[in-house]
$ cat entry_0.tsv   # TSV, C-alpha atoms
chain	number	residue	atom	x	y	z
E	1	MET	CA	-23.45	18.20	4.55
E	2	LYS	CA	-22.04	15.58	2.18
E	3	ASN	CA	-18.45	16.42	3.17
E	4	SER	CA	-19.23	16.00	6.86
E	5	ARG	CA	-20.84	12.65	6.10
E	6	GLY	CA	-17.71	11.53	4.27
E	7	LEU	CA	-15.59	12.73	7.17
E	8	PHE	CA	-17.79	10.74	9.55
E	9	PHE	CA	-17.25	7.56	7.50
E	10	ALA	CA	-13.51	8.24	7.38
E	11	ILE	CA	-13.35	8.58	11.16
E	12	ILE	CA	-15.29	5.35	11.60
E	13	ALA	CA	-12.91	3.57	9.22
E	14	LEU	CA	-9.89	4.91	11.14
E	15	LEU	CA	-11.38	3.60	14.34
E	16	PHE	CA	-11.61	0.18	12.73
E	17	LEU	CA	-7.96	0.43	11.68
E	18	SER	CA	-6.76	1.28	15.16
E	19	GLY	CA	-9.29	-0.79	17.10
E	20	CYS	CA	-8.84	-3.62	19.55
E	21	GLN	CA	-8.41	-6.19	16.80
E	22	SER	CA	-5.51	-4.38	15.16
E	23	SER	CA	-2.92	-6.82	16.50
E	24	GLU	CA	-4.97	-9.71	15.07
E	25	LYS	CA	-5.23	-7.85	11.77
E	26	GLU	CA	-1.49	-7.24	11.69
E	27	LYS	CA	-0.73	-10.87	12.48
E	28	ALA	CA	-3.09	-11.95	9.68
E	29	PHE	CA	-1.32	-9.53	7.33
E	30	LEU	CA	2.17	-10.74	8.25
E	31	ASP	CA	1.00	-14.32	7.73
E	32	LEU	CA	0.45	-13.40	4.06
E	33	TYR	CA	4.15	-12.55	3.77
E	34	PRO	CA	6.18	-15.07	5.79
E	35	GLY	CA	9.85	-14.18	5.83
E	36	VAL	CA	9.36	-10.62	4.54
E	37	ASP	CA	11.10	-8.00	6.66
E	38	PHE	CA	8.78	-5.01	6.99
E	39	ASN	CA	11.10	-2.45	8.53
E	40	GLN	CA	11.73	1.27	8.62
E	41	GLU	CA	14.60	1.15	6.15
E	42	VAL	CA	12.34	0.46	3.17
E	43	LYS	CA	9.35	2.79	2.95
E	44	LEU	CA	6.24	3.35	0.88
E	45	THR	CA	5.33	7.03	1.12
E	46	THR	CA	3.24	9.61	-0.70
E	47	ASP	CA	4.71	11.18	-3.80
E	48	PRO	CA	5.44	14.84	-2.94
E	49	TYR	CA	5.11	15.80	-6.61
E	50	ALA	CA	1.70	14.25	-7.24
E	51	ALA	CA	-1.51	15.27	-5.54
E	52	ASN	CA	-3.35	12.17	-4.35
E	53	SER	CA	-7.05	12.82	-3.94
E	54	GLU	CA	-7.70	9.49	-2.20
E	55	ASP	CA	-11.10	9.36	-3.88
E	56	LEU	CA	-12.50	6.02	-4.95
E	57	GLY	CA	-11.71	5.35	-8.60
E	58	THR	CA	-8.53	7.46	-8.73
E	59	TRP	CA	-4.86	6.53	-8.97
E	60	ILE	CA	-2.66	6.66	-5.89
E	61	ASN	CA	0.96	7.70	-6.45
E	62	LEU	CA	3.45	6.40	-3.90
E	63	ILE	CA	7.23	6.21	-3.71
E	64	PHE	CA	9.03	2.99	-2.74
E	65	LYS	CA	12.19	4.26	-0.99
E	66	ASN	CA	15.35	2.36	-0.15
E	67	GLN	CA	16.82	3.95	2.96
E	68	SER	CA	18.84	0.88	3.90
E	69	THR	CA	22.49	0.03	3.37
E	70	GLU	CA	21.55	-2.78	0.94
E	71	VAL	CA	20.98	-2.78	-2.82
E	72	ILE	CA	17.38	-3.84	-3.50
E	73	SER	CA	15.76	-5.26	-6.63
E	74	PHE	CA	12.12	-4.38	-7.15
E	75	SER	CA	9.56	-5.47	-9.73
E	76	LEU	CA	6.29	-3.57	-10.14
E	77	LEU	CA	4.74	-6.65	-11.76
E	78	ASP	CA	5.60	-9.12	-8.99
E	79	GLY	CA	6.22	-6.85	-6.00
E	80	THR	CA	2.96	-4.93	-5.56
E	81	ASN	CA	-0.42	-5.85	-4.09
E	82	ILE	CA	-3.52	-4.13	-2.70
E	83	TYR	CA	-5.65	-5.45	0.16
E	84	THR	CA	-8.61	-4.55	2.30
E	85	TYR	CA	-9.47	-6.15	5.62
E	86	SER	CA	-12.80	-7.96	5.87
E	87	GLU	CA	-14.23	-7.64	9.37
E	88	ARG	CA	-16.74	-10.35	8.52
E	89	SER	CA	-14.22	-13.04	7.57
E	90	GLN	CA	-11.37	-11.50	9.61
E	91	LYS	CA	-9.04	-11.90	6.64
E	92	TRP	CA	-7.18	-9.65	4.28
E	93	VAL	CA	-8.80	-9.69	0.85
E	94	LYS	CA	-6.68	-8.99	-2.21
E	95	LEU	CA	-8.04	-6.29	-4.52
E	96	GLU	CA	-7.34	-6.11	-8.22
E	97	ASN	CA	-4.98	-3.39	-9.35
E	98	GLN	CA	-6.46	-1.87	-12.50
E	99	LEU	CA	-3.00	-0.96	-13.77
E	100	GLU	CA	-0.84	-3.36	-15.74
E	101	TYR	CA	2.90	-3.17	-15.21
E	102	ASN	CA	5.66	-4.17	-17.58
E	103	PRO	CA	7.94	-7.04	-16.58
E	104	GLY	CA	11.44	-6.28	-15.39
E	105	GLU	CA	13.20	-5.19	-12.26
E	106	ASP	CA	14.56	-1.92	-11.00
E	107	ILE	CA	17.65	-1.67	-8.84
E	108	LEU	CA	17.33	0.66	-5.87
E	109	TYR	CA	20.66	1.65	-4.41
E	110	PRO	CA	21.36	2.41	-0.74
E	111	LYS	CA	20.52	5.84	0.61
E	112	GLY	CA	23.38	8.25	0.07
E	113	THR	CA	24.80	6.50	-3.00
E	114	ALA	CA	26.01	9.25	-5.32
E	115	GLN	CA	24.01	9.67	-8.55
E	116	ALA	CA	22.12	6.42	-8.09
E	117	VAL	CA	18.40	5.68	-8.08
E	118	THR	CA	17.13	5.00	-4.54
E	119	ASP	CA	13.37	5.47	-5.13
E	120	LYS	CA	10.72	4.05	-7.46
E	121	LEU	CA	7.36	5.56	-8.34
E	122	VAL	CA	4.57	3.06	-7.71
E	123	ILE	CA	1.05	3.82	-8.92
E	124	PHE	CA	-1.90	1.89	-7.54
E	125	SER	CA	-5.46	1.87	-8.85
E	126	PRO	CA	-7.58	-0.47	-6.75
E	127	LYS	CA	-10.70	-1.91	-8.33
E	128	THR	CA	-13.61	-1.66	-5.91
E	129	ASP	CA	-17.15	-2.87	-6.43
E	130	ASN	CA	-18.85	-0.01	-4.62
E	131	LEU	CA	-17.86	3.57	-5.39
E	132	HIS	CA	-20.33	4.92	-2.81
E	133	THR	CA	-18.85	3.43	0.37
E	134	PRO	CA	-15.50	4.41	1.93
E	135	ILE	CA	-12.92	1.63	1.96
E	136	VAL	CA	-9.68	1.20	3.87
E	137	ILE	CA	-6.94	-0.27	1.70
E	138	ARG	CA	-3.36	-1.40	2.25
E	139	MET	CA	-0.91	-1.04	-0.64
E	140	VAL	CA	2.15	-3.28	-0.44
E	141	ALA	CA	5.54	-3.19	-2.15
E	142	ILE	CA	8.06	-6.03	-1.77
E	143	GLY	CA	11.65	-6.08	-3.03
E	144	HIS	CA	14.68	-8.32	-2.47
E	145	GLN	CA	18.12	-7.54	-1.14
E	146	ILE	CA	20.65	-8.32	-3.87
E	147	SER	CA	23.26	-9.56	-1.38
E	148	ASP	CA	21.23	-12.45	0.06
E	149	GLY	CA	17.83	-12.47	-1.68
E	150	LYS	CA	16.06	-11.58	1.57
E	151	PRO	CA	12.61	-10.09	0.89
E	152	VAL	CA	12.00	-6.62	2.32
E	153	GLY	CA	8.83	-4.62	2.10
E	154	ALA	CA	6.69	-1.72	3.08
E	155	TYR	CA	3.01	-0.88	3.09
E	156	TYR	CA	0.83	2.19	3.08
E	157	ASP	CA	-2.70	2.38	4.46
E	158	SER	CA	-5.26	4.74	3.01
E	159	ILE	CA	-8.96	5.46	3.26
E	160	LEU	CA	-10.60	5.97	-0.12
E	161	LEU	CA	-13.71	8.11	0.01
E	162	PRO	CA	-16.63	8.32	-2.40
E	163	GLN	CA	-16.63	11.11	-4.95
E	164	TRP	CA	-19.77	12.94	-3.85
$ encode --input "entry_0.tsv" --output "structure tokens"
Amino acid sequence: MKNSRGLFFAIIALLFLSGCQSSEKEKAFLDLYPGVDFNQEVKLTTDPYAANSEDLGTWINLIFKNQSTEVISFSLLDGTNIYTYSERSQKWVKLENQLEYNPGEDILYPKGTAQAVTDKLVIFSPKTDNLHTPIVIRMVAIGHQISDGKPVGAYYDSILLPQW
């Protein structure tokens, strides 16, 4: 019974994500990152080696992948954020990441570069006030092309469910 209730809330949350206002939501999101190129050549995807439970209060392991032809610099400290969309205020609200990252940058080489790092593990742990209500979050990773400093990014949406 509790699992079906959680599934019901997840479906409702998905409907909100894909609802009529999604273009307004996306515009509001892109307004947070003027000049950032969110494209298909830089991706934020699930880590195939780590099981993400997507329960409230747990860590979420993602991989920031460079599939472009550019060398990208990426800082966990400065290049990651977590948001949720407030239907009430119609704005993206930044959530605190409970993890602290060390300063410094990683260099992600173009896809296909022999013996070079093209991916970076990114762990998110959003702080939420209510562990009993499902929440839709957007995790963001932003890097910069070494050649011209152009910011490039990716995001990953997830629904975090209560731990019944």
$ atom_distance --input "entry_0.tsv" --atom1 "CA of Lys150 (chain E)" --atom2 "CA of Lys94 (chain E)"
23.2 Å
$ closest_residue --input "entry_0.tsv" --among "E:Leu76, E:Ile135, E:Thr113, E:Asn66" --to "Leu95 (chain E)" --atoms "all atoms listed in the file"
E:Ile135
$ atom_distance --input "entry_0.tsv" --atom1 "CA of Asn102 (chain E)" --atom2 "CA of Ser125 (chain E)"
15.4 Å
$ atom_distance --input "entry_0.tsv" --atom1 "CA of Ile60 (chain E)" --atom2 "CA of Ser23 (chain E)"
26.1 Å
$ residues_around --input "entry_0.tsv" --residues "region 67-69 of chain E" --least-positions-apart "5" --cutoff "6 Å" --atoms "all atoms listed in the file" --output "PyMOL selection string"
chain E and resi 41-42+110-111
$ closest_residue --input "entry_0.tsv" --among "E:Leu121, E:Ile159, E:Ala51, E:Ala116" --to "Ser75 (chain E)" --atoms "all atoms listed in the file"
E:Leu121
$ closest_residue --input "entry_0.tsv" --among "E:Pro162, E:Gly35, E:Pro126, E:Gly149" --to "Asn61 (chain E)" --atoms "all atoms listed in the file"
E:Pro126
$ closest_residue --input "entry_0.tsv" --among "E:Ala141, E:Val136, E:Val93, E:Leu160" --to "Trp59 (chain E)" --atoms "only C-alpha atoms"
E:Leu160
$ closest_residue --input "entry_0.tsv" --among "E:Val152, E:Ile146, E:Val36, E:Ala28" --to "Ser86 (chain E)" --atoms "only C-alpha atoms"
E:Ala28
$ closest_residue --input "entry_0.tsv" --among "E:Ser73, E:Thr58, E:Gln40, E:Thr46" --to "Asn97 (chain E)" --atoms "all atoms listed in the file"
E:Thr58
$ axis_aligned_box --input "entry_0.tsv" --around "region 82-99 of chain E" --padding-each-side "3 Å" --output "lines of an AutoDock Vina configuration file"
center_x = -9.9
center_y = -7.0
center_z = -2.1
size_x = 19.7
size_y = 18.1
size_z = 29.4
$ residues_around --input "entry_0.tsv" --residues "Glu24 (chain E)" --least-positions-apart "5" --cutoff "10 Å" --atoms "only C-alpha atoms" --output "list in words"
Phe29, Leu30, Gln90 and Lys91 of chain E
$ decode --input "entry_0.tsv" --residues "region 79-109 of chain E" --atoms "N, CA and C atoms" --output "JSON list (two decimals), in the first residue's frame"
[["chain", "number", "residue", "atom", "x", "y", "z"],
["E", 79, "GLY", "N", 31.22, 24.20, -10.04],
["E", 79, "GLY", "CA", 30.44, 23.81, -11.21],
["E", 79, "GLY", "C", 29.22, 22.96, -10.96],
["E", 80, "THR", "N", 28.80, 22.81, -9.69],
["E", 80, "THR", "CA", 27.63, 21.97, -9.42],
["E", 80, "THR", "C", 26.59, 22.73, -8.60],
["E", 81, "ASN", "N", 25.34, 22.46, -8.90],
["E", 81, "ASN", "CA", 24.21, 23.03, -8.16],
["E", 81, "ASN", "C", 23.04, 22.06, -8.19],
["E", 82, "ILE", "N", 22.12, 22.26, -7.23],
["E", 82, "ILE", "CA", 20.89, 21.46, -7.16],
["E", 82, "ILE", "C", 19.73, 22.43, -7.02],
["E", 83, "TYR", "N", 18.66, 22.17, -7.78],
["E", 83, "TYR", "CA", 17.48, 23.03, -7.74],
["E", 83, "TYR", "C", 16.21, 22.19, -7.64],
["E", 84, "THR", "N", 15.16, 22.85, -7.22],
["E", 84, "THR", "CA", 13.80, 22.33, -7.35],
["E", 84, "THR", "C", 12.96, 23.48, -7.86],
["E", 85, "TYR", "N", 11.88, 23.14, -8.56],
["E", 85, "TYR", "CA", 11.02, 24.19, -9.12],
["E", 85, "TYR", "C", 9.84, 24.42, -8.18],
["E", 86, "SER", "N", 9.64, 25.68, -7.81],
["E", 86, "SER", "CA", 8.52, 26.05, -6.95],
["E", 86, "SER", "C", 7.35, 26.46, -7.83],
["E", 87, "GLU", "N", 6.29, 25.68, -7.81],
["E", 87, "GLU", "CA", 5.08, 26.02, -8.57],
["E", 87, "GLU", "C", 4.46, 27.31, -8.03],
["E", 88, "ARG", "N", 4.58, 27.50, -6.74],
["E", 88, "ARG", "CA", 3.98, 28.68, -6.11],
["E", 88, "ARG", "C", 4.62, 29.97, -6.61],
["E", 89, "SER", "N", 5.94, 30.04, -6.57],
["E", 89, "SER", "CA", 6.63, 31.26, -7.00],
["E", 89, "SER", "C", 7.02, 31.23, -8.48],
["E", 90, "GLN", "N", 6.87, 30.07, -9.11],
["E", 90, "GLN", "CA", 7.25, 29.85, -10.50],
["E", 90, "GLN", "C", 8.71, 30.21, -10.75],
["E", 91, "LYS", "N", 9.56, 29.77, -9.80],
["E", 91, "LYS", "CA", 11.00, 29.99, -9.89],
["E", 91, "LYS", "C", 11.73, 28.73, -9.47],
["E", 92, "TRP", "N", 12.95, 28.61, -9.96],
["E", 92, "TRP", "CA", 13.83, 27.54, -9.52],
["E", 92, "TRP", "C", 14.46, 27.97, -8.20],
["E", 93, "VAL", "N", 14.42, 27.07, -7.24],
["E", 93, "VAL", "CA", 14.95, 27.34, -5.91],
["E", 93, "VAL", "C", 16.19, 26.46, -5.71],
["E", 94, "LYS", "N", 17.28, 27.11, -5.35],
["E", 94, "LYS", "CA", 18.53, 26.39, -5.13],
["E", 94, "LYS", "C", 18.47, 25.63, -3.81],
["E", 95, "LEU", "N", 18.86, 24.36, -3.85],
["E", 95, "LEU", "CA", 18.94, 23.54, -2.65],
["E", 95, "LEU", "C", 20.40, 23.40, -2.22],
["E", 96, "GLU", "N", 20.59, 23.26, -0.94],
["E", 96, "GLU", "CA", 21.94, 23.07, -0.42],
["E", 96, "GLU", "C", 22.41, 21.65, -0.72],
["E", 97, "ASN", "N", 23.64, 21.54, -1.17],
["E", 97, "ASN", "CA", 24.27, 20.24, -1.33],
["E", 97, "ASN", "C", 24.98, 19.95, -0.01],
["E", 98, "GLN", "N", 24.66, 18.83, 0.61],
["E", 98, "GLN", "CA", 25.22, 18.51, 1.92],
["E", 98, "GLN", "C", 26.68, 18.05, 1.85],
["E", 99, "LEU", "N", 27.18, 17.87, 0.64],
["E", 99, "LEU", "CA", 28.56, 17.46, 0.46],
["E", 99, "LEU", "C", 29.45, 18.69, 0.26],
["E", 100, "GLU", "N", 30.66, 18.61, 0.76],
["E", 100, "GLU", "CA", 31.63, 19.67, 0.55],
["E", 100, "GLU", "C", 32.71, 19.13, -0.37],
["E", 101, "TYR", "N", 33.00, 19.90, -1.41],
["E", 101, "TYR", "CA", 34.01, 19.48, -2.39],
["E", 101, "TYR", "C", 35.30, 20.24, -2.16],
["E", 102, "ASN", "N", 36.40, 19.61, -2.54],
["E", 102, "ASN", "CA", 37.70, 20.26, -2.47],
["E", 102, "ASN", "C", 37.86, 21.20, -3.66],
["E", 103, "PRO", "N", 38.61, 22.29, -3.48],
["E", 103, "PRO", "CA", 38.87, 23.18, -4.62],
["E", 103, "PRO", "C", 39.75, 22.47, -5.64],
["E", 104, "GLY", "N", 39.76, 23.02, -6.82],
["E", 104, "GLY", "CA", 40.59, 22.46, -7.90],
["E", 104, "GLY", "C", 39.73, 22.08, -9.08],
["E", 105, "GLU", "N", 40.40, 21.92, -10.20],
["E", 105, "GLU", "CA", 39.70, 21.59, -11.44],
["E", 105, "GLU", "C", 40.20, 20.27, -11.99],
["E", 106, "ASP", "N", 39.30, 19.61, -12.69],
["E", 106, "ASP", "CA", 39.65, 18.41, -13.44],
["E", 106, "ASP", "C", 39.61, 18.76, -14.92],
["E", 107, "ILE", "N", 40.44, 18.11, -15.69],
["E", 107, "ILE", "CA", 40.44, 18.29, -17.13],
["E", 107, "ILE", "C", 39.79, 17.04, -17.74],
["E", 108, "LEU", "N", 38.75, 17.28, -18.52],
["E", 108, "LEU", "CA", 38.05, 16.19, -19.20],
["E", 108, "LEU", "C", 38.37, 16.29, -20.69],
["E", 109, "TYR", "N", 39.01, 15.27, -21.20],
["E", 109, "TYR", "CA", 39.46, 15.27, -22.58],
["E", 109, "TYR", "C", 38.33, 14.85, -23.53]]
